[in-house]
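Listing of my_file36.txt; format and content: compact mmCIF, C-alpha atoms.
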# COMPACT_ATOMS: atom_id res chain seq x y z
CA MET A 1 71.51 131.07 166.49
CA SER A 2 73.06 133.52 168.94
CA GLY A 3 75.17 132.35 171.83
CA THR A 4 72.80 133.98 174.30
CA GLU A 5 69.53 132.19 173.51
CA SER A 6 68.50 129.59 176.06
CA PRO A 7 69.30 125.92 175.45
CA ALA A 8 65.56 125.15 175.60
CA VAL A 9 64.89 127.46 172.66
CA ALA A 10 67.81 126.03 170.73
CA VAL A 11 66.53 122.50 171.27
CA ARG A 12 62.97 123.37 170.27
CA ARG A 13 63.94 125.29 167.16
CA GLY A 14 66.94 123.41 165.90
CA ARG A 15 66.78 119.76 166.86
CA PRO A 16 67.17 118.13 163.40
CA ARG A 17 69.98 120.48 162.39
CA ASP A 18 71.63 120.18 165.83
CA ALA A 19 71.55 116.39 165.68
CA ALA A 20 73.22 116.37 162.26
CA ARG A 21 75.80 118.89 163.46
CA ASP A 22 76.47 116.83 166.59
CA ARG A 23 77.01 113.73 164.48
CA ALA A 24 79.39 115.64 162.21
CA LEU A 25 81.34 116.92 165.22
CA LEU A 26 81.61 113.46 166.78
CA ALA A 27 82.73 111.93 163.47
CA ALA A 28 85.31 114.70 163.12
CA THR A 29 86.49 114.00 166.67
CA LEU A 30 87.06 110.33 165.86
CA ALA A 31 88.90 111.19 162.66
CA VAL A 32 91.20 113.69 164.40
CA LEU A 33 91.79 111.27 167.30
CA ALA A 34 92.79 108.49 164.93
CA GLU A 35 95.14 110.85 163.08
CA SER A 36 96.70 112.81 165.90
CA GLY A 37 96.07 110.88 169.12
CA TYR A 38 94.47 112.35 172.23
CA GLY A 39 97.43 114.60 172.99
CA GLY A 40 97.44 116.03 169.48
CA LEU A 41 93.69 116.63 169.27
CA THR A 42 92.52 120.23 169.53
CA THR A 43 88.92 121.43 169.59
CA ALA A 44 89.92 123.91 166.87
CA ALA A 45 90.96 121.06 164.56
CA VAL A 46 87.72 119.19 165.23
CA ALA A 47 85.58 122.29 164.65
CA ALA A 48 87.45 123.09 161.42
CA ARG A 49 87.00 119.55 160.10
CA ALA A 50 83.28 119.62 160.93
CA GLY A 51 82.93 123.07 159.34
CA VAL A 52 81.69 124.84 162.46
CA SER A 53 83.13 127.45 164.80
CA THR A 54 84.80 126.44 168.06
CA ALA A 55 82.11 128.51 169.81
CA THR A 56 79.49 126.17 168.33
CA LEU A 57 81.48 123.17 169.51
CA TYR A 58 81.80 124.59 173.03
CA ARG A 59 78.07 125.32 173.22
CA ARG A 60 77.56 121.56 172.97
CA TRP A 61 80.62 120.17 174.81
CA SER A 62 82.40 122.17 177.45
CA SER A 63 85.84 120.60 177.07
CA LYS A 64 88.06 118.48 174.87
CA GLU A 65 87.58 115.64 177.33
CA ALA A 66 83.77 115.85 177.24
CA LEU A 67 83.93 115.85 173.43
CA VAL A 68 86.16 112.76 173.31
CA LEU A 69 83.96 110.94 175.82
CA ALA A 70 80.86 111.67 173.72
CA ALA A 71 82.62 110.55 170.55
CA SER A 72 83.76 107.31 172.22
CA ALA A 73 80.23 106.60 173.42
CA ALA A 74 78.78 107.28 169.95
CA PHE A 75 81.42 105.05 168.37
CA ALA A 76 80.61 102.25 170.80
CA ALA A 77 76.86 102.60 170.21
CA ASP A 78 77.46 102.12 166.47
CA LEU A 79 79.20 98.81 167.20
CA GLU A 80 76.44 97.57 169.44
CA GLN A 81 74.44 94.58 168.26
CA ARG A 82 73.17 91.57 170.11
CA PRO A 83 72.51 88.83 167.56
CA ASP A 84 71.04 85.57 168.82
CA THR A 85 72.29 82.94 166.38
CA GLY A 86 70.70 80.06 168.29
CA THR A 87 74.00 78.39 169.22
CA LEU A 88 76.77 79.28 171.63
CA GLU A 89 79.33 78.73 168.88
CA GLY A 90 77.52 81.14 166.57
CA ASP A 91 77.12 83.79 169.26
CA LEU A 92 80.77 83.56 170.33
CA ARG A 93 81.99 83.64 166.73
CA ILE A 94 80.19 86.93 166.15
CA LEU A 95 81.46 88.38 169.43
CA LEU A 96 85.07 87.43 168.66
CA ARG A 97 84.86 88.75 165.09
CA ASP A 98 83.31 92.01 166.30
CA LYS A 99 86.10 92.40 168.81
CA ALA A 100 88.76 91.64 166.19
CA ALA A 101 87.26 94.22 163.83
CA GLY A 102 87.03 96.79 166.63
CA LEU A 103 90.72 96.45 167.45
CA THR A 104 92.16 96.63 163.94
CA GLY A 105 92.00 99.06 161.04
CA GLU A 106 90.68 102.56 161.69
CA SER A 107 88.92 101.70 164.94
CA GLY A 108 92.10 99.98 166.16
CA ARG A 109 94.01 103.22 165.57
CA LEU A 110 91.32 105.00 167.55
CA MET A 111 91.49 102.48 170.40
CA ARG A 112 95.26 102.93 170.61
CA ALA A 113 94.85 106.68 170.85
CA LEU A 114 92.26 106.33 173.61
CA ILE A 115 93.96 103.56 175.59
CA GLY A 116 97.20 105.49 175.69
CA GLU A 117 95.39 108.42 177.27
CA ALA A 118 93.17 106.27 179.49
CA ALA A 119 96.30 104.84 181.12
CA HIS A 120 96.56 108.12 183.07
CA ASN A 121 93.13 109.70 182.69
CA VAL A 122 90.63 108.09 185.05
CA ALA A 123 87.57 109.90 183.66
CA LEU A 124 88.35 108.71 180.14
CA ALA A 125 89.15 105.19 181.39
CA GLU A 126 85.79 105.04 183.17
CA ALA A 127 83.95 106.26 180.08
CA LEU A 128 85.75 103.74 177.87
CA THR A 129 84.95 100.93 180.27
CA ALA A 130 81.29 101.90 180.27
CA ALA A 131 81.16 102.38 176.50
CA LEU A 132 83.36 99.56 175.22
CA ILE A 133 84.00 96.92 177.88
CA ASP A 134 80.74 96.69 179.83
CA PRO A 135 78.56 96.12 176.72
CA VAL A 136 80.77 93.20 175.67
CA ARG A 137 80.54 91.78 179.20
CA ASP A 138 76.75 92.02 178.95
CA ARG A 139 76.65 90.38 175.51
CA VAL A 140 78.90 87.52 176.62
CA ALA A 141 76.85 86.96 179.78
CA GLU A 142 73.68 86.86 177.66
CA ALA A 143 75.15 84.37 175.19
CA VAL A 144 76.24 82.09 178.04
CA ARG A 145 72.84 82.40 179.74
CA ARG A 146 71.06 81.41 176.53
CA ALA A 147 73.41 78.43 176.05
CA VAL A 148 72.72 77.24 179.60
CA ALA A 149 68.97 77.68 179.06
CA ARG A 150 69.19 75.60 175.85
CA GLY A 151 71.10 72.91 177.77
CA GLU A 152 74.15 73.37 175.55
CA ILE A 153 76.50 73.87 178.49
CA ALA A 154 76.38 73.40 182.25
CA PRO A 155 75.98 76.52 184.41
CA LEU A 156 79.37 78.21 184.87
CA PRO A 157 80.84 79.65 188.01
CA ASP A 158 82.81 82.84 187.43
CA VAL A 159 80.86 83.66 184.30
CA ASP A 160 82.27 87.20 184.57
CA LEU A 161 85.61 85.80 183.42
CA VAL A 162 84.21 84.53 180.11
CA ALA A 163 84.06 88.11 178.83
CA ASP A 164 87.77 88.46 179.57
CA LEU A 165 88.43 85.29 177.59
CA VAL A 166 86.66 86.92 174.62
CA ILE A 167 88.06 90.46 174.97
CA GLY A 168 91.51 89.74 176.40
CA PRO A 169 93.18 87.60 173.73
CA MET A 170 92.09 90.04 171.02
CA VAL A 171 93.57 92.90 173.06
CA SER A 172 96.87 91.15 173.75
CA ARG A 173 97.05 90.18 170.09
CA PHE A 174 96.14 93.46 168.44
CA LEU A 175 96.75 96.27 170.92
CA LEU A 176 99.85 95.11 172.79
CA THR A 177 101.83 94.34 169.68
CA ALA A 178 104.75 96.27 168.38
CA HIS A 179 103.12 97.46 165.21
CA PRO A 180 100.26 99.91 164.91
CA SER A 181 97.05 98.03 164.38
CA ASP A 182 96.29 99.80 161.14
CA THR A 183 98.97 97.63 159.56
CA GLN A 184 96.99 94.59 160.70
CA ASP A 185 94.64 93.45 158.05
CA THR A 186 91.09 93.22 159.36
CA GLN A 187 90.62 90.03 157.35
CA ASP A 188 93.56 88.45 159.20
CA ALA A 189 92.01 89.59 162.46
CA ARG A 190 88.83 87.77 161.56
CA GLY A 191 90.90 84.65 160.91
CA THR A 192 92.51 84.98 164.34
CA ALA A 193 89.06 85.33 165.92
CA ASP A 194 87.95 82.14 164.19
CA ARG A 195 91.09 80.27 165.30
CA LEU A 196 90.46 81.40 168.86
CA LEU A 197 86.84 80.24 168.83
CA PRO A 198 87.48 76.53 169.61
CA PHE A 199 89.59 77.50 172.63
CA VAL A 200 86.89 79.77 174.03
CA LEU A 201 84.18 77.19 173.33
CA ARG A 202 86.12 74.49 175.17
CA ALA A 203 86.87 76.93 178.01
CA VAL A 204 83.14 77.34 178.67
CA GLY A 205 82.43 73.63 178.26
CA GLY A 206 80.94 73.82 174.77
CA GLN A 207 81.59 71.70 171.70
CA ASP A 208 82.54 73.06 168.32
CA ALA A 209 80.65 71.91 165.26
CA SER A 210 83.71 70.33 163.63
CA GLY A 211 83.46 67.59 166.25
CA ASP A 212 87.22 67.18 166.67
CA GLY A 213 87.31 69.82 169.39
CA GLY A 214 89.80 71.82 167.38
CA PHE A 215 92.58 69.37 168.14
CA ALA A 216 95.10 68.34 165.55
CA MET B 1 135.95 109.75 186.34
CA SER B 2 136.14 112.52 183.75
CA GLY B 3 133.72 112.74 180.87
CA THR B 4 136.56 112.52 178.37
CA GLU B 5 138.05 109.12 179.17
CA SER B 6 137.23 106.41 176.65
CA PRO B 7 134.40 103.96 177.35
CA ALA B 8 136.90 101.08 177.16
CA VAL B 9 138.94 102.55 180.01
CA ALA B 10 135.81 103.18 182.03
CA VAL B 11 134.69 99.59 181.57
CA ARG B 12 138.10 98.16 182.48
CA ARG B 13 138.58 100.33 185.55
CA GLY B 14 135.11 100.67 186.90
CA ARG B 15 132.98 97.66 186.02
CA PRO B 16 131.76 96.68 189.53
CA ARG B 17 130.99 100.28 190.45
CA ASP B 18 129.44 100.93 187.02
CA ALA B 19 127.19 97.88 187.33
CA ALA B 20 125.92 99.01 190.72
CA ARG B 21 125.40 102.54 189.39
CA ASP B 22 123.56 101.20 186.33
CA ARG B 23 121.26 99.17 188.56
CA ALA B 24 120.58 102.23 190.71
CA LEU B 25 119.78 104.29 187.62
CA LEU B 26 117.43 101.65 186.20
CA ALA B 27 115.66 101.28 189.57
CA ALA B 28 115.34 105.07 189.76
CA THR B 29 113.92 105.07 186.22
CA LEU B 30 111.23 102.56 187.17
CA ALA B 31 110.34 104.51 190.31
CA VAL B 32 110.04 107.82 188.43
CA LEU B 33 108.05 106.13 185.62
CA ALA B 34 105.59 104.66 188.09
CA GLU B 35 105.19 108.05 189.81
CA SER B 36 105.13 110.43 186.87
CA GLY B 37 104.40 108.37 183.77
CA TYR B 38 106.51 108.42 180.60
CA GLY B 39 105.55 111.96 179.70
CA GLY B 40 106.46 113.25 183.16
CA LEU B 41 109.80 111.44 183.39
CA THR B 42 112.93 113.56 182.99
CA THR B 43 116.49 112.28 182.95
CA ALA B 44 117.27 114.99 185.54
CA ALA B 45 114.73 113.49 187.96
CA VAL B 46 116.13 109.99 187.40
CA ALA B 47 119.74 111.15 187.89
CA ALA B 48 118.80 113.07 191.05
CA ARG B 49 117.01 110.06 192.53
CA ALA B 50 119.98 107.81 191.77
CA GLY B 51 122.37 110.40 193.21
CA VAL B 52 124.41 110.90 190.03
CA SER B 53 124.80 113.73 187.55
CA THR B 54 122.83 113.82 184.32
CA ALA B 55 126.21 113.73 182.52
CA THR B 56 126.86 110.35 184.14
CA LEU B 57 123.43 109.14 183.06
CA TYR B 58 123.99 110.29 179.48
CA ARG B 59 127.39 108.58 179.32
CA ARG B 60 125.49 105.31 179.72
CA TRP B 61 122.20 105.98 177.92
CA SER B 62 121.98 108.52 175.17
CA SER B 63 118.30 109.42 175.55
CA LYS B 64 115.29 109.20 177.81
CA GLU B 65 113.88 106.56 175.48
CA ALA B 66 117.03 104.39 175.63
CA LEU B 67 116.96 104.66 179.42
CA VAL B 68 113.30 103.60 179.65
CA LEU B 69 113.89 100.69 177.26
CA ALA B 70 116.82 99.47 179.37
CA ALA B 71 114.78 99.81 182.57
CA SER B 72 111.88 97.87 181.03
CA ALA B 73 114.19 95.10 179.91
CA ALA B 74 115.82 94.89 183.36
CA PHE B 75 112.41 94.83 185.01
CA ALA B 76 111.26 92.02 182.72
CA ALA B 77 114.43 90.01 183.36
CA ASP B 78 113.72 90.17 187.09
CA LEU B 79 110.30 88.61 186.51
CA GLU B 80 111.64 85.82 184.36
CA GLN B 81 111.39 82.30 185.72
CA ARG B 82 110.50 79.04 184.05
CA PRO B 83 109.37 76.62 186.72
CA ASP B 84 108.49 73.09 185.64
CA THR B 85 105.92 71.91 188.17
CA GLY B 86 105.35 68.58 186.44
CA THR B 87 101.71 69.26 185.54
CA LEU B 88 100.05 71.55 183.04
CA GLU B 89 97.75 72.81 185.76
CA GLY B 90 100.69 73.72 188.00
CA ASP B 91 102.60 75.43 185.19
CA LEU B 92 99.56 77.43 184.05
CA ARG B 93 98.72 78.41 187.63
CA ILE B 94 102.17 79.94 188.09
CA LEU B 95 102.01 81.68 184.72
CA LEU B 96 98.60 83.19 185.46
CA ARG B 97 99.64 84.28 188.96
CA ASP B 98 102.85 85.83 187.64
CA LYS B 99 100.86 87.74 185.05
CA ALA B 100 98.35 88.91 187.67
CA ALA B 101 101.17 90.10 189.93
CA GLY B 102 102.88 91.85 187.02
CA LEU B 103 99.75 93.82 186.15
CA THR B 104 98.79 95.03 189.63
CA GLY B 105 100.45 96.96 192.42
CA GLU B 106 103.62 98.88 191.61
CA SER B 107 104.45 96.95 188.45
CA GLY B 108 100.87 97.50 187.25
CA ARG B 109 101.37 101.25 187.68
CA LEU B 110 104.56 100.91 185.67
CA MET B 111 102.83 98.90 182.93
CA ARG B 112 100.15 101.57 182.64
CA ALA B 113 102.79 104.25 182.24
CA LEU B 114 104.55 102.25 179.52
CA ILE B 115 101.49 101.03 177.64
CA GLY B 116 100.12 104.56 177.41
CA GLU B 117 103.33 105.65 175.72
CA ALA B 118 103.70 102.48 173.65
CA ALA B 119 100.34 103.24 172.03
CA HIS B 120 102.12 105.88 169.93
CA ASN B 121 105.81 105.01 170.29
CA VAL B 122 106.74 102.09 168.06
CA ALA B 123 110.29 101.69 169.42
CA LEU B 124 108.99 101.40 172.96
CA ALA B 125 106.18 99.07 171.86
CA GLU B 126 108.71 96.80 170.16
CA ALA B 127 110.95 96.76 173.22
CA LEU B 128 108.00 96.00 175.51
CA THR B 129 106.85 93.18 173.25
CA ALA B 130 110.34 91.68 173.28
CA ALA B 131 110.79 92.17 177.02
CA LEU B 132 107.34 91.37 178.39
CA ILE B 133 105.17 89.55 175.85
CA ASP B 134 107.56 87.29 173.96
CA PRO B 135 108.97 85.63 177.13
CA VAL B 136 105.43 84.75 178.27
CA ARG B 137 104.70 83.33 174.81
CA ASP B 138 107.81 81.18 175.12
CA ARG B 139 106.94 80.01 178.64
CA VAL B 140 103.39 79.08 177.62
CA ALA B 141 104.61 77.24 174.52
CA GLU B 142 107.07 75.29 176.70
CA ALA B 143 104.41 74.37 179.27
CA VAL B 144 102.09 73.12 176.51
CA ARG B 145 104.93 71.18 174.84
CA ARG B 146 105.77 69.45 178.14
CA ALA B 147 102.09 68.61 178.72
CA VAL B 148 101.84 67.05 175.25
CA ALA B 149 105.08 65.12 175.85
CA ARG B 150 103.65 63.77 179.14
CA GLY B 151 100.48 62.74 177.31
CA GLU B 152 98.40 65.10 179.46
CA ILE B 153 96.81 66.80 176.46
CA ALA B 154 96.56 66.18 172.73
CA PRO B 155 98.75 68.27 170.43
CA LEU B 156 97.12 71.65 169.83
CA PRO B 157 96.81 73.56 166.59
CA ASP B 158 97.24 77.30 166.98
CA VAL B 159 99.34 76.89 170.11
CA ASP B 160 100.42 80.53 169.65
CA LEU B 161 96.94 81.54 170.79
CA VAL B 162 97.32 79.84 174.18
CA ALA B 163 99.66 82.62 175.31
CA ASP B 164 96.94 85.16 174.46
CA LEU B 165 94.51 83.16 176.60
CA VAL B 166 96.94 83.51 179.51
CA ILE B 167 98.03 87.12 178.97
CA GLY B 168 94.86 88.61 177.52
CA PRO B 169 92.27 88.08 180.25
CA MET B 170 94.66 89.48 182.87
CA VAL B 171 95.25 92.52 180.68
CA SER B 172 91.56 93.15 180.00
CA ARG B 173 90.87 92.67 183.71
CA PHE B 174 93.65 94.77 185.21
CA LEU B 175 94.86 97.23 182.59
CA LEU B 176 91.67 98.14 180.73
CA THR B 177 89.67 98.89 183.84
CA ALA B 178 88.58 102.29 184.99
CA HIS B 179 90.65 102.36 188.15
CA PRO B 180 94.40 102.56 188.39
CA SER B 181 95.80 99.12 189.04
CA ASP B 182 97.52 100.23 192.22
CA THR B 183 94.09 100.22 193.84
CA GLN B 184 93.79 96.56 192.85
CA ASP B 185 94.96 94.33 195.61
CA THR B 186 97.59 91.90 194.36
CA GLN B 187 96.04 89.20 196.54
CA ASP B 188 92.71 89.70 194.73
CA ALA B 189 94.58 89.47 191.44
CA ARG B 190 95.98 86.12 192.48
CA GLY B 191 92.43 84.99 193.25
CA THR B 192 91.33 86.08 189.78
CA ALA B 193 94.22 84.14 188.24
CA ASP B 194 93.15 81.03 190.14
CA ARG B 195 89.50 81.45 189.07
CA LEU B 196 90.65 81.79 185.47
CA LEU B 197 92.77 78.64 185.62
CA PRO B 198 89.97 76.08 185.01
CA PHE B 199 88.85 78.01 181.90
CA VAL B 200 92.35 78.05 180.44
CA LEU B 201 92.91 74.39 181.31
CA ARG B 202 89.68 73.38 179.59
CA ALA B 203 90.56 75.61 176.63
CA VAL B 204 93.71 73.60 175.98
CA GLY B 205 92.01 70.26 176.60
CA GLY B 206 93.37 69.69 180.11
CA GLN B 207 91.60 68.56 183.26
CA ASP B 208 91.77 70.37 186.57
CA ALA B 209 92.56 68.44 189.71
CA SER B 210 89.21 69.18 191.35
CA GLY B 211 87.68 66.74 188.87
CA ASP B 212 84.47 68.71 188.37
CA GLY B 213 86.01 70.69 185.55
CA GLY B 214 85.31 73.91 187.42
CA PHE B 215 81.60 73.65 186.71
CA ALA B 216 79.03 74.48 189.33
Output the structure of this file as structure tokens.
Amino acid sequence: MSGTESPAVAVRRGRPRDAARDRALLAATLAVLAESGYGGLTTAAVAARAGVSTATLYRRWSSKEALVLAASAAFAADLEQRPDTGTLEGDLRILLRDKAAGLTGESGRLMRALIGEAAHNVALAEALTAALIDPVRDRVAEAVRRAVARGEIAPLPDVDLVADLVIGPMVSRFLLTAHPSDTQDTQDARGTADRLLPFVLRAVGGQDASGDGGFA
Amino acid sequence: MSGTESPAVAVRRGRPRDAARDRALLAATLAVLAESGYGGLTTAAVAARAGVSTATLYRRWSSKEALVLAASAAFAADLEQRPDTGTLEGDLRILLRDKAAGLTGESGRLMRALIGEAAHNVALAEALTAALIDPVRDRVAEAVRRAVARGEIAPLPDVDLVADLVIGPMVSRFLLTAHPSDTQDTQDARGTADRLLPFVLRAVGGQDASGDGGFA
């Protein structure tokens, strides 16, 4: 493929190969981000890891920032699932465990790299909000709506805050701690999510299955 | 004062003046951090703003990092208060409002600058945890202990998680959003803290004074 052919021709002729190459480039971006942070990431390093030229990379994404935004969005899409377990407790357990997994291990390292940069990069912060925060808000709102429809809980005012009760404690626990999250065992994180569940359930007016409300 | 006199002599002769100069340097550090971020902060800019030479600054703090750590600790000490309002609701309201105030406006801008750096600077992350997170954990644990002693709530397992329920939602709301926190009105933040209060109270098994449990 020459650099001068029109994008329309490239799309028509090369879609399957382009899609595979795009996926490889986005995966390479995530790997380099997790290793080197946003500041240390270069498009040359990403291209080299994906086995393509930087010219090929730039034909698809015009800047390092655009590349990182696309990689973040792809990463978030991979995490996306909206299970309906039939109970508020079940739905919240999955949400909390997903969040715990997303903030520890390799994806925790990635989140640290991105959050550090997002603190002073509004475009990246907006993209991260859209890719990582808003979907969780939607999932939490859905779970609460289903629970209200089933008569499990009373309608809640300020339902927008429930998402912060799910996201926030995991963030303060795993991202604002002194030690890089890759030293946090993802299994421990799951345990923390499960310990947090009774608090969140009570916060929204639900009951946990153990019947003792999580109290000692 | 020459650069060659011993620290002991400097302390004996100049303590009041040194203390005032230290405070001016730490205040200048916070101002430059909030304006320029950690990466943009130079000891020369801090010294110039405080009206001292960089040699004077370096006699007190040996590096940019040591200076920022000291400024963070001083900032956190200023925020520290442990009011006992006599009710769990009152104590949690103050904690949530304090946290909201600390994450918006000028101190929010500062927190963004520090958290961005802490994402890949373990020494700074440890200092921030000790200065900003641990004291909130202690305050929350105290408030819960008093509430249990008064018979307001049953003893809680996993009381360590209550602090994350107080800190976390404010963080996910004000630090992980797309827009710099200085555009967030601190008055709005206080409103968010107050809306969150019934959720946190229910989470720990308490009742809010309105009697309707915050439900619609």
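For stretch 136-145 of chain A, the residues within 8 Å (counting all atoms listed in the file, excluding itself and residues fewer than 4 positions away along the chain) are Arg82, Asp84, Leu88, Asp91, Leu92, Leu95, Leu132, Ala149, Val159, Asp160, Val162, Ala163, Asp164 and Ile167 of chain A.
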Next, dump the selected residues to file, keeping only C-alpha atoms, as a PDB file, in the coordinates of the input.
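File produced: part35.pdb:
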ATOM      1  CA  ARG A  82      73.170  91.570 170.110  1.00  0.00           C
ATOM      2  CA  ASP A  84      71.040  85.570 168.820  1.00  0.00           C
ATOM      3  CA  LEU A  88      76.770  79.280 171.630  1.00  0.00           C
ATOM      4  CA  ASP A  91      77.120  83.790 169.260  1.00  0.00           C
ATOM      5  CA  LEU A  92      80.770  83.560 170.330  1.00  0.00           C
ATOM      6  CA  LEU A  95      81.460  88.380 169.430  1.00  0.00           C
ATOM      7  CA  LEU A 132      83.360  99.560 175.220  1.00  0.00           C
ATOM      8  CA  ALA A 149      68.970  77.680 179.060  1.00  0.00           C
ATOM      9  CA  VAL A 159      80.860  83.660 184.300  1.00  0.00           C
ATOM     10  CA  ASP A 160      82.270  87.200 184.570  1.00  0.00           C
ATOM     11  CA  VAL A 162      84.210  84.530 180.110  1.00  0.00           C
ATOM     12  CA  ALA A 163      84.060  88.110 178.830  1.00  0.00           C
ATOM     13  CA  ASP A 164      87.770  88.460 179.570  1.00  0.00           C
ATOM     14  CA  ILE A 167      88.060  90.460 174.970  1.00  0.00           C
TER      15      ILE A 167
END
Query - Point-to-point distance from atom CA of B:Gly51 to atom CA of B:Glu106, Å rounded to tenths - result: 22.1 Å
Report task. Report as a VMD selection string the set of chain A residues whose atoms approach chain B to within 7 Å, with distances computed over only C-alpha atoms. Result -> chain A and resid 112 to 113 115 to 117 119 122 125 to 126 129 154 to 157 161 164 to 165 167 to 169 171 to 173 177 to 179 196 199 to 200 202 to 204 215 to 216
Based on the selection just made, write C-alpha atoms of those residues as a PDB file, keeping the file's coordinate frame.
ATOM      1  CA  ARG A 112      95.260 102.930 170.610  1.00  0.00           C
ATOM      2  CA  ALA A 113      94.850 106.680 170.850  1.00  0.00           C
ATOM      3  CA  ILE A 115      93.960 103.560 175.590  1.00  0.00           C
ATOM      4  CA  GLY A 116      97.200 105.490 175.690  1.00  0.00           C
ATOM      5  CA  GLU A 117      95.390 108.420 177.270  1.00  0.00           C
ATOM      6  CA  ALA A 119      96.300 104.840 181.120  1.00  0.00           C
ATOM      7  CA  VAL A 122      90.630 108.090 185.050  1.00  0.00           C
ATOM      8  CA  ALA A 125      89.150 105.190 181.390  1.00  0.00           C
ATOM      9  CA  GLU A 126      85.790 105.040 183.170  1.00  0.00           C
ATOM     10  CA  THR A 129      84.950 100.930 180.270  1.00  0.00           C
ATOM     11  CA  ALA A 154      76.380  73.400 182.250  1.00  0.00           C
ATOM     12  CA  PRO A 155      75.980  76.520 184.410  1.00  0.00           C
ATOM     13  CA  LEU A 156      79.370  78.210 184.870  1.00  0.00           C
ATOM     14  CA  PRO A 157      80.840  79.650 188.010  1.00  0.00           C
ATOM     15  CA  LEU A 161      85.610  85.800 183.420  1.00  0.00           C
ATOM     16  CA  ASP A 164      87.770  88.460 179.570  1.00  0.00           C
ATOM     17  CA  LEU A 165      88.430  85.290 177.590  1.00  0.00           C
ATOM     18  CA  ILE A 167      88.060  90.460 174.970  1.00  0.00           C
ATOM     19  CA  GLY A 168      91.510  89.740 176.400  1.00  0.00           C
ATOM     20  CA  PRO A 169      93.180  87.600 173.730  1.00  0.00           C
ATOM     21  CA  VAL A 171      93.570  92.900 173.060  1.00  0.00           C
ATOM     22  CA  SER A 172      96.870  91.150 173.750  1.00  0.00           C
ATOM     23  CA  ARG A 173      97.050  90.180 170.090  1.00  0.00           C
ATOM     24  CA  THR A 177     101.830  94.340 169.680  1.00  0.00           C
ATOM     25  CA  ALA A 178     104.750  96.270 168.380  1.00  0.00           C
ATOM     26  CA  HIS A 179     103.120  97.460 165.210  1.00  0.00           C
ATOM     27  CA  LEU A 196      90.460  81.400 168.860  1.00  0.00           C
ATOM     28  CA  PHE A 199      89.590  77.500 172.630  1.00  0.00           C
ATOM     29  CA  VAL A 200      86.890  79.770 174.030  1.00  0.00           C
ATOM     30  CA  ARG A 202      86.120  74.490 175.170  1.00  0.00           C
ATOM     31  CA  ALA A 203      86.870  76.930 178.010  1.00  0.00           C
ATOM     32  CA  VAL A 204      83.140  77.340 178.670  1.00  0.00           C
ATOM     33  CA  PHE A 215      92.580  69.370 168.140  1.00  0.00           C
ATOM     34  CA  ALA A 216      95.100  68.340 165.550  1.00  0.00           C
TER      35      ALA A 216
END
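Computed from the coordinates, the atom CA of A:Thr87 to atom CA of A:Ala147 distance equals 6.9 Å.
Distance cut-off 12 Å, centre (109.5, 107.7, 191.8), atoms counted only C-alpha atoms; the residues meeting this are Leu25, Leu26, Ala27, Ala28, Thr29, Leu30, Ala31, Val32, Leu33, Ala34, Glu35, Ser36, Gly37, Tyr38, Gly40, Leu41, Thr42, Ala45, Val46, Ala47, Ala48, Arg49, Ala50, Glu106, Arg109 and Leu110 of chain B.
Atom CA of A:Thr85 sits 20.2 Å away from atom CA of A:Gly102.
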Query raised in the report: In file coordinates, which residues lie within 10 Å of (117.6, 103.7, 178.3) using only C-alpha atoms, given as a PyMOL selection string?
Result: chain B and resi 25-26+29+43+57-58+60-73
